[in-house]
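Visitor: One structure, pasted below without further comment.
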Amino acid sequence: MINFIGNRRKAYILSSILVLASLISLAINGLNLGIDFTGGTVLHLNLGEDFSMEEIEAVIAPFEEVQGATIQIVRGRDLSGELTDEGLVLKAPYIEESRRDALMAAFRDRWPKLDPADLRIESVGAVVGGELTRQALLSLAVAIVLMVAYITFRFEFMFALATIAALLHNIIIVIGVFSILRMEINVPFVAAILTVFGYSVNDTIVIFDRIRENIKHKRKSDYAEVVNQSINQSLMRSINTSLTTLFVLIALLFGFIYYIGSVDLVVFVVALILGVIIGTYSSIFVASPLWLNLQDLKFRKAGRKAA
Amino acid sequence: MKPAIKTGPLILLIVVCLLIFLSGYQAFYHAADREVGIKRGLDIAGGLYVLLEAVETGDQELDEDAIERAITVIRMRVDELGVAEPIIAAQGDNRIRIELPDLEDVEQARNIIGRTALLKFIGPDDVEILTGANLIRARAERNPEATPYPYVSLEFDQEGARIFAEATGKFLNQPIAIVLDDEVISAPIVRAVITDGKATIEGNFDFEEAANLALLLRSGSLPVELRELESRLIGPTLGQRTEEVAVYAAGIGLILVILFMIIYYRVAGVIAGVALIFYLSLVLWALNYLPTTLTLPGIAGLILSIGMAVDANVIIFERIKDELRSGRTLRSAMESGFQRAFRAILDANVTTLIVTIVLFSLASGPVRGFAVTLFIGIICSMFTAIVLTRLLMRLTFKAGLIRSGAYVGVKV
């Protein structure tokens, strides 16, 4: 049996460092918010033939609003591995409709083979972007409240607290990694974070179910051993489930990087992969030991009251 | 003494598995069909999503009626484009949401729907003569002998024809400006009095542009000015390529998961594999027949759920192994393993269900679609693990294909 509980201090230190680093990066760097949050315009075009960065710059030179836009070259492949997409992704502040049309006309002029079926033109005004952020935060808050209620009902309040603490720990670290790496986030990222949310809780609850079962007829002084035993009993399940989930996610990651070359989807899958790894880690090393400490606190408080 | 393989349960087992494979095969090919299969969101099928906001301009009151009339005008324009299942709906007090799936030319559609298209004829004294309200016909035409450029021919109603005749008489040999949305398109000099109510708009446009202009004029001008809040144009090819890659990745992920399960859990792993295929066909059928739309995050959620769907099986198998290690017989270990695993599966999944329900109620757009997909996935995976895995385990045991702990991966 591995002694998780005895070594919990190490895990707490590691987690504290990760959370702290995430929070510091969030405070200093903030997040690289995409157009879904901030508003802006993205063009993803298939120019149909080879091009150079200089040529792109020449075409967009007359357009003031795209000065300072980020330009990226993407190469997509079809399923046989053949290069099919001579792609360009341009991200700029919000471009008005008529100017967008003019910009597209300029691209068509220079690259007549530009494929009208293989493109993406997304424009989001600043108003809508703010709404998305509010919506995401509200969903998160409501989900947390409901979950605390359910876990308290099925287990008890300390389990709910430990679950939510581990959950926030996971979300902060995933968001922190994106802040540190300056990776751009958009709507799919919100979906990914919410999935991580579900996955973490799911993973934690299975271990808590073991604790709930093993703890019956046990004295307070045996709790540490019971928790350790429960983690060990659930260990193979935790590892196997995260492995099977990672298998599919990694297949998806390679697919998106190799064939599509688009960054948004890659970000989505990376967030999920990170979430699964951190979620599994936190169920074992954070949530369960934390429950033990919370129990300690509770008993000590009760003891003081009695005395 | 080892019990022999029993033919009765074995045949039943084989039949059940065959049915599952068949259903999986059916479900996959049905779902993959872009015509009748799962309804795809704009990010996969390609199409246009626009959110417009009516702007207060002073001379037009902004009320429910104005929004309704604006929606009617937009619907007429969209119908002329021939879109199969357009969604044009009011959102909140002053917003209009438009979703047009399966468009070949997304840019053309975008250019047509939001234009105010207020047509005016203005005399040289800057006085308005006529507006598009008196128009009864507008058509793009070509007359190669007279001019290389296509033009739009117009026809006014009786009242319009009368006013137009009067004006052309008054401004003979002077220019009359044809103005669309405050932009002068052409300003022809009046050469003769026009009494039949017919006019043409000539400009430096190609035939498609002329046709679009005619379409706009036919459907009338919008009663309010609409400002774009959000617009997403996705060409059909890009979405299709993404879908292909995702399906491909799902296939590879599925094979990896099944292989892993078989290596680790032996015969039980094979059962988990069969259950996984059943799970997938269940989800695909559900997505097919429920009024849901599959978006790209939804597909990713679905693929993720392949990994997570085996979770319930893993919980059950690990429980059975525990029970075996504590000295129970195979039969009782299986039964009590299922019973003990049930509570963990239920609680773990209900908490995740809560997240999906919250998302469904509070979120919009692709995140909402994602929540529905995840919800369906969780329900199906619970059903599969609790009902099907159990059935298959019993049958396999009865058929004599599981005879000891070693068959489910317990080291003896």
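By convention here, the chains of the structure tokens are called A, B, ... in the order presented, each chain's residues are numbered starting at 1, and ligands are numbered starting at 1 in the order presented.
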May I have the residues of chain B within 6 Å of chain A, counting only C-alpha atoms, written as a VMD selection string?

Guide: chain B and resid 229 to 238 245 249 253 257 307 to 308 311 314 344 348 352 355 358 367

Visitor: Got a sec: who's within 12 Å of Gln26 (chain B), counting only C-alpha atoms, leaving out chain neighbours fewer than 3 positions off, as a list of chain:residue names?

Guide: B:Leu19, B:Ile20, B:Phe21, B:Leu22, B:Ser23, B:Tyr29, B:His30, B:Ala31, B:Ala32, B:Asp33, B:Gly37, B:Ile277, B:Phe278, B:Leu280, B:Ser281, B:Leu282, B:Leu284, B:Trp285, B:Asn288

Visitor: Generate the output file for the selected residues, C-alpha atoms, as a short mmCIF file (atom, residue, chain, number, x, y, z; two decimals), in the first residue's frame.

Guide:
```cif
data_model
loop_
_atom_site.label_atom_id
_atom_site.label_comp_id
_atom_site.auth_asym_id
_atom_site.auth_seq_id
_atom_site.Cartn_x
_atom_site.Cartn_y
_atom_site.Cartn_z
CA LEU B 19 -27.15 -7.37 -32.61
CA ILE B 20 -24.99 -4.77 -30.89
CA PHE B 21 -22.46 -4.69 -33.72
CA LEU B 22 -25.23 -4.43 -36.26
CA SER B 23 -26.89 -1.62 -34.39
CA TYR B 29 -23.73 5.13 -41.07
CA HIS B 30 -27.05 6.75 -40.39
CA ALA B 31 -25.48 9.43 -38.20
CA ALA B 32 -22.64 10.08 -40.63
CA ASP B 33 -25.06 10.88 -43.45
CA GLY B 37 -28.15 11.97 -40.01
CA ILE B 277 -19.84 -0.06 -29.02
CA PHE B 278 -23.37 -0.38 -27.67
CA LEU B 280 -21.76 4.68 -28.97
CA SER B 281 -24.68 3.42 -31.03
CA LEU B 282 -27.07 4.44 -28.26
CA LEU B 284 -25.70 8.23 -31.99
CA TRP B 285 -29.33 7.12 -32.15
CA ASN B 288 -30.28 11.42 -34.35
#
```

Visitor: Which residue, B:Leu276, B:Asp196, B:Arg69, B:Ile402, has the smallest gap to Gly24 (chain B) when you use only C-alpha atoms?

Guide: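 Result for the nearest residue to Gly24 (chain B): B:Leu276.
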
Visitor: Give me the residues within 12 Å of Ala102 (chain A) as a list in words, counting only C-alpha atoms and dropping any in the same chain fewer than 6 places off.

Guide: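 Listing them by chain and then by number gives Val59, Ile60, Pro62, Phe63, Glu65, Ile95, Glu96, Arg108 and Asp109 of chain A; Asn111 of chain B.
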
Visitor: Any idea what's packed within 7 Å of region 209-218 of chain B, counting only C-alpha atoms, ignoring anything in its chain fewer than 2 positions away? Could you give it as a list in words?

Guide: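 Near neighbours after the sequence-gap exclusion: Arg77, Ile112, Ala117, Gly132, Arg137, Ala138, Arg139, Ala140, Pro150, Tyr151, Val152, Phe205, Asp206, Phe207, Gly220 and Ser221 of chain B.
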
Visitor: For the strand (DSSP E or B) assignment from backbone DSSP, which residues of region 126-217 of chain B qualify? Please present them as a PyMOL selection string.

Guide: chain B and resi 128-131+135-141+151-156+175+177-180+183-186+189+198-202

Visitor: Pick the closest to Leu222 (chain B) from B:Gly251, B:Gly239, B:Gly327, B:Gly114: which is it, counting only C-alpha atoms?

Guide: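 Going through B:Gly251, B:Gly239, B:Gly327, B:Gly114 one by one, the smallest distance to Leu222 (chain B) is for B:Gly114.
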
Visitor: Set the distance at 12 Å and use only C-alpha atoms: which residues neighbour Cys17 (chain B) once local chain neighbours fewer than 6 positions away are removed? I'd like the list as a PyMOL selection string.

Guide: chain B and resi 10-11+23-24+270-278+388-389+391-392+395-396

Visitor: Pull C-alpha atoms from the residues just selected and write them as a short mmCIF file (atom, residue, chain, number, x, y, z; two decimals), in the first residue's frame.

Guide:
```cif
data_model
loop_
_atom_site.label_atom_id
_atom_site.label_comp_id
_atom_site.auth_asym_id
_atom_site.auth_seq_id
_atom_site.Cartn_x
_atom_site.Cartn_y
_atom_site.Cartn_z
CA LEU B 10 -23.12 -19.03 -25.59
CA ILE B 11 -25.48 -18.80 -28.54
CA SER B 23 -26.89 -1.62 -34.39
CA GLY B 24 -23.55 0.15 -34.02
CA VAL B 270 -13.88 -7.75 -24.21
CA ILE B 271 -17.25 -7.20 -22.54
CA ALA B 272 -16.35 -3.57 -21.88
CA GLY B 273 -15.45 -3.22 -25.57
CA VAL B 274 -18.80 -4.60 -26.68
CA ALA B 275 -20.53 -2.36 -24.15
CA LEU B 276 -18.61 0.63 -25.50
CA ILE B 277 -19.84 -0.06 -29.02
CA PHE B 278 -23.37 -0.38 -27.67
CA LEU B 388 -25.77 -4.12 -20.52
CA THR B 389 -22.42 -4.84 -18.86
CA LEU B 391 -26.23 -8.78 -18.68
CA LEU B 392 -23.14 -9.59 -20.71
CA LEU B 395 -24.21 -14.51 -19.93
CA THR B 396 -20.46 -14.87 -20.27
#
```

Visitor: Could you pull the residues within 7 Å of Asn29 (chain A), counting only C-alpha atoms, minus those fewer than 3 positions along the same chain, as number ranges by chain?

Guide: A: 25-26, 179

Visitor: Next, the residues of the selection above should be written as a tab-separated table (two decimals), in the first residue's frame with N, CA and C atoms.

Guide:
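Final output, selection_0.tsv:
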```tsv
chain	number	residue	atom	x	y	z
A	25	SER	N	0.65	34.50	-12.29
A	25	SER	CA	0.64	34.71	-13.74
A	25	SER	C	-0.65	35.38	-14.19
A	26	LEU	N	-1.76	34.97	-13.57
A	26	LEU	CA	-3.05	35.59	-13.93
A	26	LEU	C	-3.05	37.07	-13.56
A	179	SER	N	-2.49	30.91	-18.96
A	179	SER	CA	-1.99	32.27	-18.74
A	179	SER	C	-0.48	32.30	-18.91
```

Visitor: Please, which residues of region 81-288 of chain A, numbered as in this document, come out helix (DSSP H, G or I) from DSSP, as number ranges by chain?

Guide: A: 97-110, 126-154, 157-181, 187-214, 220-260, 263-288

Visitor: Restricting the calculation to only C-alpha atoms: of A:Glu49, A:Ile35, A:Asn232, A:Val74, which residue gets closest to Ile257 (chain A)?

Guide: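 Checking each of A:Glu49, A:Ile35, A:Asn232, A:Val74 against Ile257 (chain A), counting only C-alpha atoms, the winner is A:Val74.
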
Visitor: Glu183 (chain B): which residues within 12 Å, counting only C-alpha atoms, same-chain residues fewer than 3 positions away excluded, as a PDB file with N, CA and C atoms, in the first residue's frame?

Guide:
```pdb
ATOM      1  N   THR B 116     -29.940  47.626 -45.006  1.00  0.00           N
ATOM      2  CA  THR B 116     -31.195  48.340 -44.847  1.00  0.00           C
ATOM      3  C   THR B 116     -31.936  48.404 -46.180  1.00  0.00           C
ATOM      4  N   ALA B 117     -31.158  48.605 -47.255  1.00  0.00           N
ATOM      5  CA  ALA B 117     -31.706  48.601 -48.615  1.00  0.00           C
ATOM      6  C   ALA B 117     -32.805  49.638 -48.809  1.00  0.00           C
ATOM      7  N   LEU B 118     -32.555  50.817 -48.330  1.00  0.00           N
ATOM      8  CA  LEU B 118     -33.524  51.896 -48.524  1.00  0.00           C
ATOM      9  C   LEU B 118     -33.191  52.618 -49.824  1.00  0.00           C
ATOM     10  N   LEU B 119     -34.064  52.422 -50.805  1.00  0.00           N
ATOM     11  CA  LEU B 119     -33.827  52.998 -52.133  1.00  0.00           C
ATOM     12  C   LEU B 119     -34.546  54.338 -52.251  1.00  0.00           C
ATOM     13  N   LYS B 120     -33.818  55.342 -52.770  1.00  0.00           N
ATOM     14  CA  LYS B 120     -34.438  56.661 -52.940  1.00  0.00           C
ATOM     15  C   LYS B 120     -34.047  57.223 -54.296  1.00  0.00           C
ATOM     16  N   PHE B 121     -34.993  57.931 -54.873  1.00  0.00           N
ATOM     17  CA  PHE B 121     -34.680  58.723 -56.071  1.00  0.00           C
ATOM     18  C   PHE B 121     -34.689  60.174 -55.633  1.00  0.00           C
ATOM     19  N   ILE B 122     -33.592  60.864 -55.867  1.00  0.00           N
ATOM     20  CA  ILE B 122     -33.482  62.228 -55.364  1.00  0.00           C
ATOM     21  C   ILE B 122     -33.212  63.189 -56.519  1.00  0.00           C
ATOM     22  N   ALA B 177     -30.592  61.366 -58.889  1.00  0.00           N
ATOM     23  CA  ALA B 177     -29.689  60.422 -58.220  1.00  0.00           C
ATOM     24  C   ALA B 177     -30.463  59.216 -57.703  1.00  0.00           C
ATOM     25  N   ILE B 178     -29.899  58.017 -57.936  1.00  0.00           N
ATOM     26  CA  ILE B 178     -30.471  56.796 -57.357  1.00  0.00           C
ATOM     27  C   ILE B 178     -29.601  56.440 -56.163  1.00  0.00           C
ATOM     28  N   VAL B 179     -30.206  56.508 -54.976  1.00  0.00           N
ATOM     29  CA  VAL B 179     -29.433  56.393 -53.739  1.00  0.00           C
ATOM     30  C   VAL B 179     -29.878  55.152 -52.963  1.00  0.00           C
ATOM     31  N   LEU B 180     -28.910  54.320 -52.615  1.00  0.00           N
ATOM     32  CA  LEU B 180     -29.220  53.144 -51.794  1.00  0.00           C
ATOM     33  C   LEU B 180     -28.460  53.266 -50.480  1.00  0.00           C
ATOM     34  N   SER B 186     -26.055  55.574 -58.922  1.00  0.00           N
ATOM     35  CA  SER B 186     -25.869  56.203 -60.233  1.00  0.00           C
ATOM     36  C   SER B 186     -26.707  57.476 -60.261  1.00  0.00           C
ATOM     37  N   ALA B 187     -26.355  58.384 -61.175  1.00  0.00           N
ATOM     38  CA  ALA B 187     -27.100  59.636 -61.271  1.00  0.00           C
ATOM     39  C   ALA B 187     -27.321  59.967 -62.744  1.00  0.00           C
TER      40      ALA B 187
END
```

Visitor: Could you check how far CA of Lys39 (chain B) sits from CA of Met76 (chain B), in Å to one decimal?

Guide: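 We find that CA of Lys39 (chain B) and CA of Met76 (chain B) lie 24.1 Å from each other.
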